[in-house]
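Asks: The following file, structure27.cif, comprises mmCIF, C-alpha atoms:
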```
data_model
loop_
_atom_site.label_atom_id
_atom_site.label_comp_id
_atom_site.auth_asym_id
_atom_site.auth_seq_id
_atom_site.Cartn_x
_atom_site.Cartn_y
_atom_site.Cartn_z
CA MET A 5 -43.29 -19.02 58.70
CA ASP A 6 -40.11 -17.93 57.09
CA TRP A 7 -40.81 -19.84 53.84
CA ILE A 8 -44.35 -18.53 53.58
CA SER A 9 -43.30 -14.89 53.92
CA LEU A 10 -40.50 -15.43 51.39
CA LYS A 11 -42.98 -17.03 48.98
CA GLN A 12 -45.33 -14.06 49.36
CA LYS A 13 -42.52 -11.55 48.76
CA VAL A 14 -41.41 -13.40 45.62
CA SER A 15 -45.00 -13.55 44.42
CA GLU A 16 -45.47 -9.79 44.95
CA PHE A 17 -42.15 -9.04 43.26
CA THR A 18 -43.01 -11.14 40.18
CA LYS A 19 -46.45 -9.52 39.91
CA LYS A 20 -44.94 -6.06 40.13
CA TYR A 21 -41.97 -6.69 37.78
CA ARG A 22 -43.22 -9.54 35.58
CA TYR A 23 -42.37 -7.82 32.26
CA VAL A 24 -38.90 -6.89 33.43
CA CYS A 25 -38.35 -10.47 34.57
CA LEU A 26 -39.49 -11.78 31.17
CA VAL A 27 -37.08 -9.47 29.32
CA VAL A 28 -34.18 -10.45 31.60
CA LEU A 29 -35.01 -14.13 31.20
CA ALA A 30 -35.21 -13.80 27.41
CA GLY A 31 -31.85 -12.02 27.39
CA MET A 32 -30.26 -14.77 29.45
CA VAL A 33 -31.61 -17.44 27.08
CA LEU A 34 -30.24 -15.53 24.07
CA MET A 35 -26.84 -15.20 25.74
CA LEU A 36 -26.71 -18.96 26.32
CA LEU A 37 -27.37 -19.77 22.66
CA PRO A 38 -24.17 -20.65 20.75
CA GLU A 39 -22.83 -18.13 18.27
CA SER A 40 -23.40 -19.08 14.68
CA GLU A 41 -19.94 -18.57 13.26
CA SER A 42 -19.52 -18.99 9.56
CA VAL A 43 -17.15 -21.82 8.87
CA GLU A 44 -14.43 -20.52 6.62
CA LYS A 45 -13.32 -22.90 3.92
CA PRO A 46 -9.57 -23.30 3.68
CA GLN A 47 -8.37 -21.34 0.70
CA THR A 48 -6.63 -23.51 -1.85
CA GLN A 49 -5.36 -20.53 -3.80
CA SER A 50 -4.79 -16.87 -3.17
CA THR A 51 -7.49 -14.34 -4.01
CA ALA A 52 -5.29 -12.82 -6.72
CA GLU A 53 -4.98 -16.19 -8.47
CA ALA A 54 -8.72 -16.77 -8.09
CA THR A 55 -9.44 -13.35 -9.63
CA LYS A 56 -7.14 -14.09 -12.54
CA GLU A 57 -8.76 -17.47 -13.17
CA ASP A 58 -12.23 -15.94 -12.84
CA LEU A 59 -11.35 -13.31 -15.43
CA GLN A 60 -9.90 -15.95 -17.74
CA GLU A 61 -13.04 -18.07 -17.41
CA SER A 62 -15.33 -15.07 -17.91
CA LEU A 63 -13.40 -13.98 -20.98
CA SER A 64 -13.50 -17.50 -22.40
CA GLN A 65 -17.27 -17.66 -21.94
CA ILE A 66 -17.92 -14.21 -23.41
CA LEU A 67 -15.54 -14.63 -26.35
CA SER A 68 -17.07 -18.00 -27.25
CA LYS A 69 -20.39 -16.18 -27.76
CA ILE A 70 -18.91 -14.09 -30.59
CA SER A 71 -20.42 -15.28 -33.85
CA GLY A 72 -18.00 -17.66 -35.54
CA ALA A 73 -15.47 -17.79 -32.70
CA GLY A 74 -16.35 -21.33 -31.64
CA LYS A 75 -14.59 -22.82 -28.62
CA VAL A 76 -12.28 -20.29 -26.89
CA GLU A 77 -9.53 -20.57 -24.28
CA VAL A 78 -7.79 -17.57 -22.70
CA LEU A 79 -4.45 -17.25 -20.90
CA LEU A 80 -3.60 -14.01 -19.08
CA THR A 81 -0.17 -13.13 -17.70
CA LYS A 82 0.35 -10.47 -15.07
CA ALA A 83 3.07 -7.86 -14.78
CA GLU A 84 1.91 -6.88 -11.27
CA GLU A 85 -0.41 -8.57 -8.81
CA GLU A 86 -3.44 -6.92 -7.23
CA ARG A 87 -2.38 -4.65 -4.35
CA ILE A 88 -4.36 -3.65 -1.28
CA VAL A 89 -3.58 -0.29 0.33
CA PHE A 90 -4.63 0.00 3.97
CA GLN A 91 -5.75 3.20 5.69
CA THR A 92 -3.16 4.58 8.11
CA ASP A 93 -3.09 7.24 10.80
CA GLN A 94 -0.02 9.46 10.70
CA ASP A 95 1.46 11.35 13.62
CA ILE A 96 4.00 14.01 12.77
CA THR A 97 6.14 15.23 15.63
CA THR A 98 8.24 18.32 15.02
CA THR A 99 11.19 19.07 17.24
CA ASP A 100 13.96 21.64 16.87
CA THR A 101 16.34 19.14 15.27
CA SER A 102 14.12 16.77 13.29
CA ASP A 103 10.68 15.80 12.13
CA GLU A 104 9.46 12.34 13.07
CA GLN A 105 6.66 10.55 11.31
CA HIS A 106 4.83 7.62 12.84
CA SER A 107 2.03 5.78 11.07
CA ASP A 108 -0.30 3.04 12.31
CA THR A 109 -2.67 0.92 10.26
CA VAL A 110 -6.33 1.55 11.11
CA LEU A 111 -7.91 -1.67 12.36
CA VAL A 112 -11.56 -2.66 12.08
CA SER A 113 -12.97 -5.04 14.67
CA GLU A 114 -15.37 -7.67 13.36
CA GLY A 115 -16.35 -9.20 16.66
CA SER A 116 -14.41 -10.11 19.74
CA GLN A 117 -11.67 -12.10 18.02
CA LYS A 118 -11.49 -10.73 14.47
CA GLU A 119 -9.57 -7.65 13.44
CA SER A 120 -8.53 -6.58 9.99
CA GLY A 121 -7.02 -3.51 8.40
CA LEU A 122 -9.30 -0.86 6.95
CA ILE A 123 -8.90 -1.04 3.18
CA GLN A 124 -8.37 2.35 1.59
CA GLN A 125 -7.90 1.21 -2.00
CA VAL A 126 -7.64 -1.98 -4.03
CA ILE A 127 -5.33 -1.54 -7.00
CA PRO A 128 -6.27 -4.03 -9.73
CA PRO A 129 -3.61 -6.24 -11.32
CA VAL A 130 -1.65 -5.02 -14.33
CA TYR A 131 -1.68 -7.53 -17.17
CA ARG A 132 1.37 -8.15 -19.35
CA GLY A 133 -0.31 -10.03 -22.17
CA ALA A 134 -3.04 -12.37 -23.32
CA VAL A 135 -3.12 -15.44 -25.52
CA VAL A 136 -6.47 -16.39 -26.99
CA VAL A 137 -6.89 -19.71 -28.78
CA CYS A 138 -10.14 -20.17 -30.69
CA GLN A 139 -11.61 -22.19 -33.54
CA GLY A 140 -12.56 -19.16 -35.66
CA ALA A 141 -9.21 -17.32 -35.54
CA ASP A 142 -8.66 -17.77 -39.29
CA ASN A 143 -11.32 -15.08 -39.95
CA ALA A 144 -9.88 -11.53 -39.65
CA ASN A 145 -13.19 -10.01 -38.47
CA ILE A 146 -13.51 -12.53 -35.65
CA THR A 147 -9.87 -12.00 -34.65
CA LEU A 148 -10.40 -8.23 -34.55
CA SER A 149 -13.55 -8.64 -32.44
CA ILE A 150 -11.70 -10.87 -29.98
CA VAL A 151 -8.77 -8.43 -29.72
CA LYS A 152 -11.15 -5.52 -29.05
CA ALA A 153 -13.02 -7.48 -26.39
CA VAL A 154 -9.82 -8.50 -24.59
CA MET A 155 -8.55 -4.91 -24.78
CA SER A 156 -11.75 -3.69 -23.14
CA ALA A 157 -11.70 -6.28 -20.36
CA THR A 158 -8.01 -6.13 -19.43
CA GLY A 159 -6.74 -2.70 -20.51
CA LEU A 160 -4.05 -4.30 -22.67
CA ARG A 161 -2.83 -2.77 -25.92
CA SER A 162 -3.56 -4.68 -29.13
CA ASP A 163 0.12 -5.61 -29.60
CA CYS A 164 0.01 -7.50 -26.26
CA ILE A 165 -2.85 -9.77 -27.37
CA THR A 166 -2.24 -12.82 -29.54
CA VAL A 167 -5.14 -14.68 -31.17
CA LEU A 168 -4.35 -18.15 -32.51
CA LYS A 169 -6.35 -20.84 -34.32
CA MET A 170 -7.31 -23.87 -32.25
CA LYS A 171 -6.49 -27.27 -33.76
#
```
Please express what this file holds, its structure, as structure tokens.
Replies:
Amino acid sequence: MDWISLKQKVSEFTKKYRYVCLVVLAGMVLMLLPESESVEKPQTQSTAEATKEDLQESLSQILSKISGAGKVEVLLTKAEEERIVFQTDQDITTTDTSDEQHSDTVLVSEGSQKESGLIQQVIPPVYRGAVVVCQGADNANITLSIVKAVMSATGLRSDCITVLKMK
């Protein structure tokens, strides 16, 4: 008799709360599914080096499209690397004898196990100079076009850019 009454109570409960039970069951199934974490590839080089090489490659591709330039290779040298400035909170405590400043980096949580600093500003690298080697460097108009393009892309002055003929 005990099992029959229990079965009837469960049956009444499921009829009354069937949608709630379905939602709870669906939630439990979703919680049991494994998290799809993106597998991070090990970085073979720093992001600053990758940015520099990307810019060199991009410049080589663009400069080679200049009429008469031919094949182009670009080398960039940096005076300063790219810098990342993180957002900080500052507490200033004033006492009779001194002022104390305390600052903490603001952290952003990207899930239960990932935290990173909140980026306030990314200061781009400062380039020292550029060497461009191309097949059409013997033509003054092509050389001038290449110098102007490199100036626009890097912010360098014209005296910091050398254009040479490729052998």
Asks: Restricting the calculation to all atoms listed in the file, which member of A:Gln91, A:Ser149, A:Ser64, A:Ser156 is positioned closest to Val135 (chain A)?
Replies: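 Among the listed residues, A:Ser64 lies closest to Val135 (chain A).
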Asks: Name the residues captured by the PyMOL selection byres ((chain A and resi 162) around 10) when it is applied to the shown file; answer as a ChimeraX atom specification.
Replies: /A:133-134,148,151-152,154-155,159-161,163-166
Asks: List the neighbours of Thr147 (chain A) out to 10 Å using all atoms listed in the file; skip same-chain residues closer than 3 positions along the sequence, and give me the result as a PyMOL selection string.
Replies: chain A and resi 72-73+136+138+140-144+150-153+166-169
Asks: Between CA of Asn145 (chain A) and CA of Pro129 (chain A), what is the spacing in Å?
Replies: 29.0 Å
Asks: Please report the interatomic distance between CA of Glu84 (chain A) and CA of Leu63 (chain A) in Å with one decimal.
Replies: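 CA of Glu84 (chain A) sits 19.5 Å away from CA of Leu63 (chain A).
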Asks: Could you check how far CA of Ile123 (chain A) sits from CA of Val89 (chain A), in Å to one decimal?
Replies: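 Interatomic distance here is 6.1 Å.
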Asks: Using the chain letters and numbers from the file, give me the residues hit by the PyMOL selection byres ((chain A and resi 80) around 8), as a PDB file with C-alpha atoms, keeping the file's coordinate frame.
Replies:
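The result, stored in out02.pdb:
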```pdb
ATOM      1  CA  LYS A  56      -7.140 -14.090 -12.540  1.00  0.00           C
ATOM      2  CA  GLN A  60      -9.900 -15.950 -17.740  1.00  0.00           C
ATOM      3  CA  VAL A  78      -7.790 -17.570 -22.700  1.00  0.00           C
ATOM      4  CA  LEU A  79      -4.450 -17.250 -20.900  1.00  0.00           C
ATOM      5  CA  THR A  81      -0.170 -13.130 -17.700  1.00  0.00           C
ATOM      6  CA  LYS A  82       0.350 -10.470 -15.070  1.00  0.00           C
ATOM      7  CA  TYR A 131      -1.680  -7.530 -17.170  1.00  0.00           C
ATOM      8  CA  ARG A 132       1.370  -8.150 -19.350  1.00  0.00           C
ATOM      9  CA  GLY A 133      -0.310 -10.030 -22.170  1.00  0.00           C
ATOM     10  CA  ALA A 134      -3.040 -12.370 -23.320  1.00  0.00           C
ATOM     11  CA  VAL A 135      -3.120 -15.440 -25.520  1.00  0.00           C
TER      12      VAL A 135
END
```
Asks: Which neighbours of region 23-35 of chain A fall inside 12 Å, counting only C-alpha atoms, when residues of the same chain fewer than 5 positions from it are skipped, and could you give them as a list in words?
Replies: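 My list of contacting residues is Val14, Phe17 and Thr18 of chain A.
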